[in-house]
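Chemist: File follows, model_36.cif with mmCIF, C-alpha atoms, pLDDT in the B column; chains and numbers go by the auth columns:
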data_protein
#
loop_
_atom_site.group_PDB
_atom_site.id
_atom_site.type_symbol
_atom_site.label_atom_id
_atom_site.label_comp_id
_atom_site.label_asym_id
_atom_site.label_seq_id
_atom_site.Cartn_x
_atom_site.Cartn_y
_atom_site.Cartn_z
_atom_site.B_iso_or_equiv
_atom_site.auth_seq_id
_atom_site.auth_asym_id
ATOM 1 C CA MET A 1 57.932 -2.399 -29.672 36.00 1 A
ATOM 2 C CA ASN A 2 55.907 -2.167 -32.842 39.00 2 A
ATOM 3 C CA GLY A 3 52.760 -2.296 -30.796 37.00 3 A
ATOM 4 C CA ILE A 4 53.925 0.634 -28.686 40.00 4 A
ATOM 5 C CA LEU A 5 54.788 2.672 -31.773 39.00 5 A
ATOM 6 C CA HIS A 6 51.451 1.840 -33.330 41.00 6 A
ATOM 7 C CA GLU A 7 49.614 2.870 -30.192 41.00 7 A
ATOM 8 C CA SER A 8 51.584 6.103 -30.006 44.00 8 A
ATOM 9 C CA GLU A 9 50.836 6.966 -33.629 42.00 9 A
ATOM 10 C CA GLU A 10 47.180 6.194 -33.124 43.00 10 A
ATOM 11 C CA ARG A 11 47.062 8.495 -30.110 48.00 11 A
ATOM 12 C CA ARG A 12 48.736 11.295 -32.089 50.00 12 A
ATOM 13 C CA GLY A 13 46.334 10.718 -34.959 54.00 13 A
ATOM 14 C CA THR A 14 43.287 11.182 -32.804 67.00 14 A
ATOM 15 C CA GLU A 15 44.433 14.483 -31.335 83.00 15 A
ATOM 16 C CA LYS A 16 42.677 17.054 -33.472 91.00 16 A
ATOM 17 C CA MET A 17 44.093 20.427 -34.349 96.00 17 A
ATOM 18 C CA LYS A 18 41.968 23.254 -32.972 97.00 18 A
ATOM 19 C CA VAL A 19 41.051 26.426 -34.849 98.00 19 A
ATOM 20 C CA LEU A 20 39.449 29.384 -33.084 97.00 20 A
ATOM 21 C CA VAL A 21 37.604 31.866 -35.321 97.00 21 A
ATOM 22 C CA ALA A 22 36.847 35.075 -33.427 96.00 22 A
ATOM 23 C CA LEU A 23 35.415 38.210 -35.011 95.00 23 A
ATOM 24 C CA GLU A 24 33.392 41.061 -33.603 93.00 24 A
ATOM 25 C CA GLY A 25 29.669 40.418 -33.350 93.00 25 A
ATOM 26 C CA GLU A 26 28.970 42.809 -36.201 94.00 26 A
ATOM 27 C CA TYR A 27 30.528 40.254 -38.593 96.00 27 A
ATOM 28 C CA ARG A 28 28.750 37.216 -37.194 96.00 28 A
ATOM 29 C CA THR A 29 27.275 36.073 -40.531 98.00 29 A
ATOM 30 C CA TYR A 30 30.702 35.923 -42.138 98.00 30 A
ATOM 31 C CA MET A 31 32.390 34.474 -39.061 97.00 31 A
ATOM 32 C CA GLU A 32 29.923 31.588 -38.756 98.00 32 A
ATOM 33 C CA ALA A 33 30.162 30.977 -42.501 98.00 33 A
ATOM 34 C CA MET A 34 33.959 30.850 -42.325 98.00 34 A
ATOM 35 C CA ALA A 35 33.868 28.376 -39.441 98.00 35 A
ATOM 36 C CA ALA A 36 31.397 26.225 -41.390 98.00 36 A
ATOM 37 C CA ALA A 37 33.569 26.383 -44.505 98.00 37 A
ATOM 38 C CA ILE A 38 36.663 25.284 -42.572 98.00 38 A
ATOM 39 C CA ARG A 39 34.693 22.413 -41.024 98.00 39 A
ATOM 40 C CA GLU A 40 33.574 21.338 -44.501 97.00 40 A
ATOM 41 C CA PHE A 41 36.937 21.546 -46.249 98.00 41 A
ATOM 42 C CA ARG A 42 39.084 20.425 -43.311 97.00 42 A
ATOM 43 C CA PRO A 43 36.786 17.994 -41.460 96.00 43 A
ATOM 44 C CA ASN A 44 39.464 16.577 -39.168 93.00 44 A
ATOM 45 C CA MET A 45 39.735 19.748 -37.114 95.00 45 A
ATOM 46 C CA GLU A 46 37.932 21.153 -34.138 97.00 46 A
ATOM 47 C CA VAL A 47 36.643 24.576 -35.193 97.00 47 A
ATOM 48 C CA VAL A 48 35.140 26.958 -32.663 97.00 48 A
ATOM 49 C CA ALA A 49 33.588 30.323 -33.577 96.00 49 A
ATOM 50 C CA ILE A 50 33.067 33.054 -31.009 95.00 50 A
ATOM 51 C CA SER A 51 31.999 36.651 -31.329 91.00 51 A
ATOM 52 C CA GLY A 52 33.090 39.237 -28.851 83.00 52 A
ATOM 53 C CA GLY A 53 35.899 41.542 -27.874 85.00 53 A
ATOM 54 C CA SER A 54 39.509 40.907 -26.951 87.00 54 A
ATOM 55 C CA GLU A 55 38.653 39.766 -23.401 89.00 55 A
ATOM 56 C CA GLU A 56 36.440 36.983 -24.751 90.00 56 A
ATOM 57 C CA LEU A 57 39.109 36.076 -27.296 92.00 57 A
ATOM 58 C CA GLU A 58 41.770 35.833 -24.576 92.00 58 A
ATOM 59 C CA ALA A 59 39.499 33.755 -22.324 93.00 59 A
ATOM 60 C CA GLN A 60 38.565 31.314 -25.099 93.00 60 A
ATOM 61 C CA THR A 61 42.186 31.037 -26.251 93.00 61 A
ATOM 62 C CA GLU A 62 43.253 30.093 -22.736 93.00 62 A
ATOM 63 C CA ARG A 63 40.383 27.616 -22.420 94.00 63 A
ATOM 64 C CA LEU A 64 40.643 25.930 -25.842 94.00 64 A
ATOM 65 C CA GLU A 65 44.393 26.237 -26.461 94.00 65 A
ATOM 66 C CA PRO A 66 43.911 26.342 -30.251 96.00 66 A
ATOM 67 C CA GLN A 67 46.857 25.887 -32.604 97.00 67 A
ATOM 68 C CA LEU A 68 45.478 28.546 -34.961 97.00 68 A
ATOM 69 C CA VAL A 69 43.579 31.709 -34.118 96.00 69 A
ATOM 70 C CA ILE A 70 41.749 33.668 -36.812 97.00 70 A
ATOM 71 C CA CYS A 71 40.697 37.047 -35.453 95.00 71 A
ATOM 72 C CA SER A 72 40.323 40.724 -36.262 92.00 72 A
ATOM 73 C CA PRO A 73 43.444 42.853 -35.860 89.00 73 A
ATOM 74 C CA PRO A 74 45.049 43.628 -33.559 86.00 74 A
ATOM 75 C CA ALA A 75 45.276 40.281 -31.784 87.00 75 A
ATOM 76 C CA PRO A 76 46.109 40.478 -28.071 82.00 76 A
ATOM 77 C CA GLU A 77 49.773 39.553 -27.569 78.00 77 A
ATOM 78 C CA ASN A 78 49.196 37.221 -24.683 77.00 78 A
ATOM 79 C CA PRO A 79 47.893 34.511 -24.974 78.00 79 A
ATOM 80 C CA VAL A 80 46.747 34.804 -28.597 75.00 80 A
ATOM 81 C CA ASP A 81 50.061 35.607 -30.264 73.00 81 A
ATOM 82 C CA GLU A 82 51.650 32.659 -28.444 80.00 82 A
ATOM 83 C CA ARG A 83 49.698 30.177 -30.531 90.00 83 A
ATOM 84 C CA LEU A 84 51.356 28.149 -33.280 93.00 84 A
ATOM 85 C CA ALA A 85 49.747 30.305 -35.976 96.00 85 A
ATOM 86 C CA LEU A 86 47.711 33.476 -36.222 96.00 86 A
ATOM 87 C CA ILE A 87 45.632 35.128 -38.931 97.00 87 A
ATOM 88 C CA GLU A 88 44.610 38.713 -38.209 96.00 88 A
ATOM 89 C CA ILE A 89 41.939 39.021 -40.850 96.00 89 A
ATOM 90 C CA SER A 90 40.863 42.539 -41.625 95.00 90 A
ATOM 91 C CA PRO A 91 37.098 42.799 -42.143 94.00 91 A
ATOM 92 C CA ASP A 92 37.900 45.714 -44.453 94.00 92 A
ATOM 93 C CA SER A 93 39.012 44.132 -47.730 95.00 93 A
ATOM 94 C CA SER A 94 41.069 47.207 -48.625 95.00 94 A
ATOM 95 C CA LYS A 95 43.355 46.603 -45.628 96.00 95 A
ATOM 96 C CA PRO A 96 45.919 43.776 -45.539 97.00 96 A
ATOM 97 C CA THR A 97 45.489 40.611 -43.522 97.00 97 A
ATOM 98 C CA ASN A 98 48.436 39.573 -41.331 97.00 98 A
ATOM 99 C CA PHE A 99 49.560 35.943 -41.324 97.00 99 A
ATOM 100 C CA ARG A 100 51.968 34.173 -39.000 96.00 100 A
ATOM 101 C CA VAL A 101 52.830 30.481 -39.024 97.00 101 A
ATOM 102 C CA GLY A 102 55.518 29.654 -36.495 94.00 102 A
ATOM 103 C CA GLU A 103 58.116 32.382 -36.960 93.00 103 A
ATOM 104 C CA ARG A 104 57.142 33.168 -40.557 95.00 104 A
ATOM 105 C CA ARG A 105 55.133 36.365 -41.035 96.00 105 A
ATOM 106 C CA TRP A 106 53.598 37.908 -44.121 97.00 106 A
ATOM 107 C CA GLN A 107 50.733 40.054 -45.319 97.00 107 A
ATOM 108 C CA SER A 108 48.143 39.478 -48.012 97.00 108 A
ATOM 109 C CA ALA A 109 45.713 41.917 -49.568 96.00 109 A
ATOM 110 C CA ASN A 110 42.171 40.570 -49.564 97.00 110 A
ATOM 111 C CA PRO A 111 43.104 36.890 -49.154 98.00 111 A
ATOM 112 C CA THR A 112 40.941 34.076 -50.447 98.00 112 A
ATOM 113 C CA LEU A 113 39.472 31.215 -48.455 98.00 113 A
ATOM 114 C CA GLY A 114 42.042 29.048 -50.229 98.00 114 A
ATOM 115 C CA GLU A 115 44.877 31.062 -48.663 98.00 115 A
ATOM 116 C CA ILE A 116 43.355 30.536 -45.232 98.00 116 A
ATOM 117 C CA LEU A 117 42.979 26.788 -45.836 98.00 117 A
ATOM 118 C CA SER A 118 46.603 26.692 -46.960 98.00 118 A
ATOM 119 C CA VAL A 119 47.675 28.269 -43.662 98.00 119 A
ATOM 120 C CA ILE A 120 45.560 25.724 -41.811 98.00 120 A
ATOM 121 C CA ASP A 121 47.381 22.938 -43.642 97.00 121 A
ATOM 122 C CA GLU A 122 50.779 24.453 -42.866 97.00 122 A
ATOM 123 C CA THR A 123 49.814 24.839 -39.212 97.00 123 A
ATOM 124 C CA LYS A 124 48.656 21.238 -39.118 96.00 124 A
ATOM 125 C CA GLY A 125 52.066 20.199 -40.401 94.00 125 A
ATOM 126 C CA LEU A 126 53.761 22.104 -37.604 94.00 126 A
ATOM 127 C CA PHE A 127 51.308 20.709 -35.090 94.00 127 A
ATOM 128 C CA ARG A 128 52.013 17.151 -36.193 90.00 128 A
ATOM 129 C CA ALA A 129 55.752 17.775 -36.138 89.00 129 A
ATOM 130 C CA SER A 130 55.478 19.143 -32.607 86.00 130 A
ATOM 131 C CA ARG A 131 53.769 15.896 -31.547 82.00 131 A
ATOM 132 C CA GLU A 132 56.542 13.720 -32.945 79.00 132 A
ATOM 133 C CA PRO A 133 58.985 12.293 -30.407 75.00 133 A
ATOM 134 C CA GLY A 134 61.697 14.905 -29.955 70.00 134 A
ATOM 135 C CA GLY A 135 59.544 17.480 -31.842 59.00 135 A
ATOM 136 C CA MET B 1 18.884 21.082 -60.826 59.00 1 B
ATOM 137 C CA ASP B 2 15.649 20.810 -58.856 69.00 2 B
ATOM 138 C CA LYS B 3 13.081 23.417 -59.881 68.00 3 B
ATOM 139 C CA ASP B 4 12.795 24.505 -56.259 84.00 4 B
ATOM 140 C CA THR B 5 16.509 25.218 -55.994 92.00 5 B
ATOM 141 C CA LYS B 6 17.188 28.938 -55.563 94.00 6 B
ATOM 142 C CA ARG B 7 20.052 30.277 -57.629 95.00 7 B
ATOM 143 C CA ILE B 8 22.036 32.963 -55.885 96.00 8 B
ATOM 144 C CA LEU B 9 24.333 35.735 -57.018 96.00 9 B
ATOM 145 C CA LEU B 10 26.723 36.631 -54.204 97.00 10 B
ATOM 146 C CA VAL B 11 28.395 40.049 -54.393 97.00 11 B
ATOM 147 C CA ALA B 12 30.932 41.066 -51.733 97.00 12 B
ATOM 148 C CA ALA B 13 34.381 42.617 -51.927 97.00 13 B
ATOM 149 C CA HIS B 14 35.999 40.493 -49.212 98.00 14 B
ATOM 150 C CA ASN B 15 37.238 37.306 -50.900 98.00 15 B
ATOM 151 C CA ALA B 16 37.523 35.095 -47.826 98.00 16 B
ATOM 152 C CA PHE B 17 34.184 36.240 -46.411 98.00 17 B
ATOM 153 C CA ARG B 18 32.366 35.871 -49.739 98.00 18 B
ATOM 154 C CA GLU B 19 33.853 32.445 -50.487 98.00 19 B
ATOM 155 C CA SER B 20 33.074 31.251 -46.954 98.00 20 B
ATOM 156 C CA LEU B 21 29.477 32.381 -47.328 98.00 21 B
ATOM 157 C CA ALA B 22 29.246 30.629 -50.700 98.00 22 B
ATOM 158 C CA ALA B 23 30.569 27.437 -49.148 98.00 23 B
ATOM 159 C CA ARG B 24 28.090 27.650 -46.282 98.00 24 B
ATOM 160 C CA LEU B 25 25.118 28.330 -48.599 98.00 25 B
ATOM 161 C CA SER B 26 26.151 25.447 -50.836 96.00 26 B
ATOM 162 C CA GLN B 27 25.725 23.087 -47.885 97.00 27 B
ATOM 163 C CA GLU B 28 21.969 23.682 -48.214 97.00 28 B
ATOM 164 C CA GLY B 29 20.413 21.338 -50.760 94.00 29 B
ATOM 165 C CA ASP B 30 17.930 23.913 -52.028 96.00 30 B
ATOM 166 C CA LEU B 31 20.393 26.781 -52.500 97.00 31 B
ATOM 167 C CA GLU B 32 22.999 27.137 -55.218 96.00 32 B
ATOM 168 C CA VAL B 33 25.541 29.943 -55.375 97.00 33 B
ATOM 169 C CA ALA B 34 25.597 30.179 -59.150 95.00 34 B
ATOM 170 C CA TRP B 35 27.737 33.302 -59.425 95.00 35 B
ATOM 171 C CA GLN B 36 30.104 35.318 -57.257 96.00 36 B
ATOM 172 C CA ALA B 37 31.405 38.832 -57.861 96.00 37 B
ATOM 173 C CA SER B 38 33.740 41.104 -55.899 96.00 38 B
ATOM 174 C CA SER B 39 32.963 44.399 -57.625 95.00 39 B
ATOM 175 C CA VAL B 40 30.303 46.289 -59.539 94.00 40 B
ATOM 176 C CA ALA B 41 32.234 45.640 -62.765 93.00 41 B
ATOM 177 C CA ASP B 42 32.433 41.879 -62.103 93.00 42 B
ATOM 178 C CA SER B 43 28.705 41.793 -61.414 91.00 43 B
ATOM 179 C CA ARG B 44 27.972 43.415 -64.777 87.00 44 B
ATOM 180 C CA ASP B 45 29.751 40.569 -66.542 85.00 45 B
ATOM 181 C CA ILE B 46 27.267 38.084 -65.132 87.00 46 B
ATOM 182 C CA HIS B 47 24.210 36.927 -67.018 81.00 47 B
ATOM 183 C CA LEU B 48 21.486 37.805 -64.552 82.00 48 B
ATOM 184 C CA ASN B 49 18.557 35.957 -66.097 82.00 49 B
ATOM 185 C CA GLY B 50 18.939 32.800 -64.064 87.00 50 B
ATOM 186 C CA ILE B 51 19.163 34.453 -60.676 92.00 51 B
ATOM 187 C CA ASP B 52 16.503 34.099 -57.983 94.00 52 B
ATOM 188 C CA VAL B 53 18.235 36.046 -55.209 96.00 53 B
ATOM 189 C CA ALA B 54 21.098 38.537 -55.375 96.00 54 B
ATOM 190 C CA VAL B 55 22.910 38.932 -52.044 97.00 55 B
ATOM 191 C CA ILE B 56 24.771 42.239 -52.130 97.00 56 B
ATOM 192 C CA ASP B 57 27.234 43.616 -49.598 96.00 57 B
ATOM 193 C CA PRO B 58 27.189 47.158 -50.970 93.00 58 B
ATOM 194 C CA LEU B 59 30.661 48.329 -49.942 91.00 59 B
ATOM 195 C CA LEU B 60 32.492 47.492 -53.183 94.00 60 B
ATOM 196 C CA PRO B 61 35.886 48.766 -54.358 94.00 61 B
ATOM 197 C CA ASP B 62 34.627 50.350 -57.570 93.00 62 B
ATOM 198 C CA GLY B 63 31.330 51.827 -56.466 88.00 63 B
ATOM 199 C CA ASP B 64 28.220 51.573 -54.380 88.00 64 B
ATOM 200 C CA GLY B 65 26.630 48.150 -54.685 89.00 65 B
ATOM 201 C CA MET B 66 23.221 49.792 -54.362 91.00 66 B
ATOM 202 C CA VAL B 67 23.282 50.413 -58.124 92.00 67 B
ATOM 203 C CA LEU B 68 23.285 46.656 -58.603 93.00 68 B
ATOM 204 C CA ILE B 69 19.888 46.318 -56.921 93.00 69 B
ATOM 205 C CA ARG B 70 18.239 48.220 -59.762 91.00 70 B
ATOM 206 C CA GLU B 71 20.338 46.517 -62.417 90.00 71 B
ATOM 207 C CA VAL B 72 19.384 43.064 -61.135 90.00 72 B
ATOM 208 C CA SER B 73 15.660 43.870 -61.137 87.00 73 B
ATOM 209 C CA VAL B 74 15.822 45.452 -64.612 89.00 74 B
ATOM 210 C CA ALA B 75 17.684 42.466 -66.057 88.00 75 B
ATOM 211 C CA ASN B 76 15.471 39.940 -64.295 89.00 76 B
ATOM 212 C CA PRO B 77 12.200 41.163 -62.734 89.00 77 B
ATOM 213 C CA ARG B 78 11.805 37.785 -60.986 90.00 78 B
ATOM 214 C CA ALA B 79 15.029 38.249 -59.068 93.00 79 B
ATOM 215 C CA LEU B 80 15.077 39.880 -55.647 95.00 80 B
ATOM 216 C CA ALA B 81 17.949 41.529 -53.832 96.00 81 B
ATOM 217 C CA LEU B 82 18.979 41.013 -50.217 97.00 82 B
ATOM 218 C CA VAL B 83 21.409 43.595 -48.879 97.00 83 B
ATOM 219 C CA LEU B 84 23.899 42.356 -46.278 97.00 84 B
ATOM 220 C CA SER B 85 25.839 45.154 -44.644 94.00 85 B
ATOM 221 C CA HIS B 86 27.661 45.959 -41.425 90.00 86 B
ATOM 222 C CA GLN B 87 26.767 49.625 -41.919 82.00 87 B
ATOM 223 C CA LEU B 88 23.157 49.668 -40.948 76.00 88 B
ATOM 224 C CA ASP B 89 22.104 53.237 -40.471 85.00 89 B
ATOM 225 C CA PRO B 90 18.514 54.193 -41.366 89.00 90 B
ATOM 226 C CA ALA B 91 19.711 56.083 -44.462 90.00 91 B
ATOM 227 C CA LEU B 92 21.294 52.945 -45.923 89.00 92 B
ATOM 228 C CA TYR B 93 18.222 50.910 -45.069 90.00 93 B
ATOM 229 C CA ASN B 94 15.931 53.405 -46.798 92.00 94 B
ATOM 230 C CA GLN B 95 18.278 53.705 -49.766 91.00 95 B
ATOM 231 C CA ALA B 96 18.331 49.937 -50.231 93.00 96 B
ATOM 232 C CA LEU B 97 14.573 49.521 -49.954 93.00 97 B
ATOM 233 C CA GLY B 98 14.069 52.549 -52.212 93.00 98 B
ATOM 234 C CA ALA B 99 16.284 50.904 -54.838 92.00 99 B
ATOM 235 C CA GLY B 100 14.069 47.825 -54.679 93.00 100 B
ATOM 236 C CA ALA B 101 15.816 45.543 -52.211 95.00 101 B
ATOM 237 C CA ALA B 102 13.532 42.919 -50.707 95.00 102 B
ATOM 238 C CA ASP B 103 15.260 43.157 -47.344 95.00 103 B
ATOM 239 C CA VAL B 104 18.320 44.493 -45.546 95.00 104 B
ATOM 240 C CA LEU B 105 20.183 42.422 -42.969 96.00 105 B
ATOM 241 C CA PRO B 106 23.118 43.375 -40.758 96.00 106 B
ATOM 242 C CA THR B 107 26.224 41.205 -40.938 96.00 107 B
ATOM 243 C CA ALA B 108 25.614 40.633 -37.217 96.00 108 B
ATOM 244 C CA THR B 109 22.826 38.238 -38.233 97.00 109 B
ATOM 245 C CA PRO B 110 23.377 34.562 -37.312 97.00 110 B
ATOM 246 C CA VAL B 111 24.124 32.688 -40.536 98.00 111 B
ATOM 247 C CA GLU B 112 21.117 30.390 -40.013 98.00 112 B
ATOM 248 C CA ASP B 113 18.787 33.411 -39.937 98.00 113 B
ATOM 249 C CA PHE B 114 20.488 34.768 -43.046 98.00 114 B
ATOM 250 C CA ILE B 115 19.780 31.469 -44.842 98.00 115 B
ATOM 251 C CA THR B 116 16.157 31.604 -43.689 97.00 116 B
ATOM 252 C CA ALA B 117 15.893 35.118 -45.132 97.00 117 B
ATOM 253 C CA ILE B 118 17.234 33.944 -48.503 97.00 118 B
ATOM 254 C CA ARG B 119 14.627 31.165 -48.615 96.00 119 B
ATOM 255 C CA ARG B 120 11.847 33.583 -47.690 95.00 120 B
ATOM 256 C CA ILE B 121 12.887 36.081 -50.344 94.00 121 B
ATOM 257 C CA GLY B 122 13.495 33.375 -52.944 90.00 122 B
ATOM 258 C CA SER B 123 9.993 32.043 -52.425 88.00 123 B
ATOM 259 C CA SER B 124 8.344 35.416 -52.820 81.00 124 B
ATOM 260 C CA GLY B 125 9.930 36.298 -56.169 64.00 125 B
#
Could you render the structure from this file as structure tokens?

Modeler:
Amino acid sequence: MNGILHESEERRGTEKMKVLVALEGEYRTYMEAMAAAIREFRPNMEVVAISGGSEELEAQTERLEPQLVICSPPAPENPVDERLALIEISPDSSKPTNFRVGERRWQSANPTLGEILSVIDETKGLFRASREPGG
Amino acid sequence: MDKDTKRILLVAAHNAFRESLAARLSQEGDLEVAWQASSVADSRDIHLNGIDVAVIDPLLPDGDGMVLIREVSVANPRALALVLSHQLDPALYNQALGAGAADVLPTATPVEDFITAIRRIGSSG
């Protein structure tokens, strides 16, 4: 029994959370930097960065099935807004960024990288909980 | 600090973008983001003598970051400015070069090419 539990936990532990960072091509420098920063500070995640429009974002979301999408607003409702968490980051720092983790929604003016990492951590918690038996 | 390490001032209004760029640049052993600023006023509080390269995204909440290009070169003639902007019309390009910027790059630039540009500019100062 213990062996089965151990094996199950190990399997859950190896399943990495996926983060998709998708901004328009005109912000590629910042987008690639953000993906690199997330990889550095949260190394146990799979982070994919893509540049392109909403069609590319929808296609990559369907392909990767990320738990968190970070994209420019407005995010396409389906399939992007169906993910566990969503950050609609405004490239214009004077406009608010929209956050959603599960059912919780809020806005932040000119958020820091730390706020984004905090959302990643919260999403990871939800992701882990969803992998628990009965979760 | 190695004498070949380039010290960078990073000026951009967008906190998450600027901090991400700082984190990415800090992964390079020969580059150090020594200072960050999110406005013209913040930039003026920084001691500019130790800077090799100032990376300036000119759309700042309290003014045009172009003024910082001149201020950086006056405070430290060794320092060079690299303008990083998503608004890349010829007027902005000419304005930046006229103010003394070493180069102007669009934010569409792959981050690896941006890092190469910083090294090139840092070596020419």

Chemist: If the cut-off is 12 Å, can you tell me the residues of chain A near chain B, counting all atoms listed in the file? I'd like them as a PyMOL selection string.

Modeler: chain A and resi 23-41+49-52+70+89-97+108-117

Chemist: Would you please work out which residue, of B:Gln95, B:Val11, B:Arg119, B:Lys6, is nearest to B:Ser38 when using all atoms listed in the file?

Modeler: B:Val11

Chemist: Here is a test: counting only C-alpha atoms, which residue of B:Gly100, B:Ile51, B:Ala37, B:Ile121 is nearest to B:Val67?

Modeler: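 The answer is B:Gly100, which sits nearest to B:Val67.
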
Chemist: Nearest to A:Glu122: which of A:Leu86, A:Gly134, A:Gln107, A:Leu57 is it, counting all atoms listed in the file?

Modeler: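 Nearest candidate to A:Glu122 out of A:Leu86, A:Gly134, A:Gln107, A:Leu57: A:Leu86.
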
Chemist: Quick one: residues within 12 Å of A:Gly125, all atoms listed in the file, excluding same-chain residues fewer than 2 positions away - as a list in words?

Modeler: Met17, Gln67, Leu68, Leu84, Ala85, Val101, Gly102, Ser118, Val119, Ile120, Asp121, Glu122, Thr123, Phe127, Arg128, Ala129, Ser130, Arg131, Glu132 and Gly135 of chain A

Chemist: Given only C-alpha atoms as the basis, pick out the residue of A:Asn44, A:Ser54, A:Ser72, A:Thr61 nearest to A:Lys16.

Modeler: A:Asn44

Chemist: Considering all atoms listed in the file, can you say which of B:Val40, B:Ala81, B:Ile118, B:Ala102 comes closest to B:Gly63?

Modeler: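 Of B:Val40, B:Ala81, B:Ile118, B:Ala102, the one nearest B:Gly63, counting all atoms listed in the file, is B:Val40.
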
Chemist: Just the number, please: distance in Å from atom CA of A:Val21 to atom CA of B:Val53, one decimal.

Modeler: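 Result for atom CA of A:Val21 versus atom CA of B:Val53: 28.1 Å, one decimal.
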
Chemist: What's the separation between atom CA of B:Val33 and atom CA of B:Ile8, in Å to one decimal place?

Modeler: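 Answer for the atom CA of B:Val33 to atom CA of B:Ile8 separation: 4.7 Å.
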
Chemist: Any idea what's packed within 6 Å of A:Leu20, counting all atoms listed in the file, ignoring anything in its chain fewer than 2 positions away? Could you give it as a PDB file with C-alpha atoms, keeping the file's coordinate frame?

Modeler:
ATOM      1  CA  VAL A  47      36.643  24.576 -35.193  1.00 97.00           C
ATOM      2  CA  VAL A  48      35.140  26.958 -32.663  1.00 97.00           C
ATOM      3  CA  ALA A  49      33.588  30.323 -33.577  1.00 96.00           C
ATOM      4  CA  VAL A  69      43.579  31.709 -34.118  1.00 96.00           C
TER       5      VAL A  69
END

Chemist: In Å to one decimal, how far is atom CA of A:Trp106 from atom CA of A:Met45?

Modeler: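 Computed distance, atom CA of A:Met45 to atom CA of A:Trp106, equals 23.9 Å.
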
Chemist: Find, counting all atoms listed in the file, the residue in B:Asp64, B:Leu82, B:Ser39, B:Arg120 that gets nearest to B:Leu97.

Modeler: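 Looking only at the distances to B:Leu97, the closest residue turns out to be B:Leu82.
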
Chemist: Taking (17.6, 41.9, -62.8) in the file's coordinates as the center, which residues reach within 10 Å of it, counting all atoms listed in the file, put as a list in words?

Modeler: His47, Leu48, Asn49, Gly50, Ile51, Asp52, Val53, Ala54, Leu68, Ile69, Arg70, Glu71, Val72, Ser73, Val74, Ala75, Asn76, Pro77, Arg78, Ala79, Leu80 and Ala81 of chain B

Chemist: Taking (19.3, 26.4, -53.7) in the file's coordinates, which residues come within 6 Å, counting all atoms listed in the file, written as number ranges by chain?

Modeler: B: 5-7, 29-32
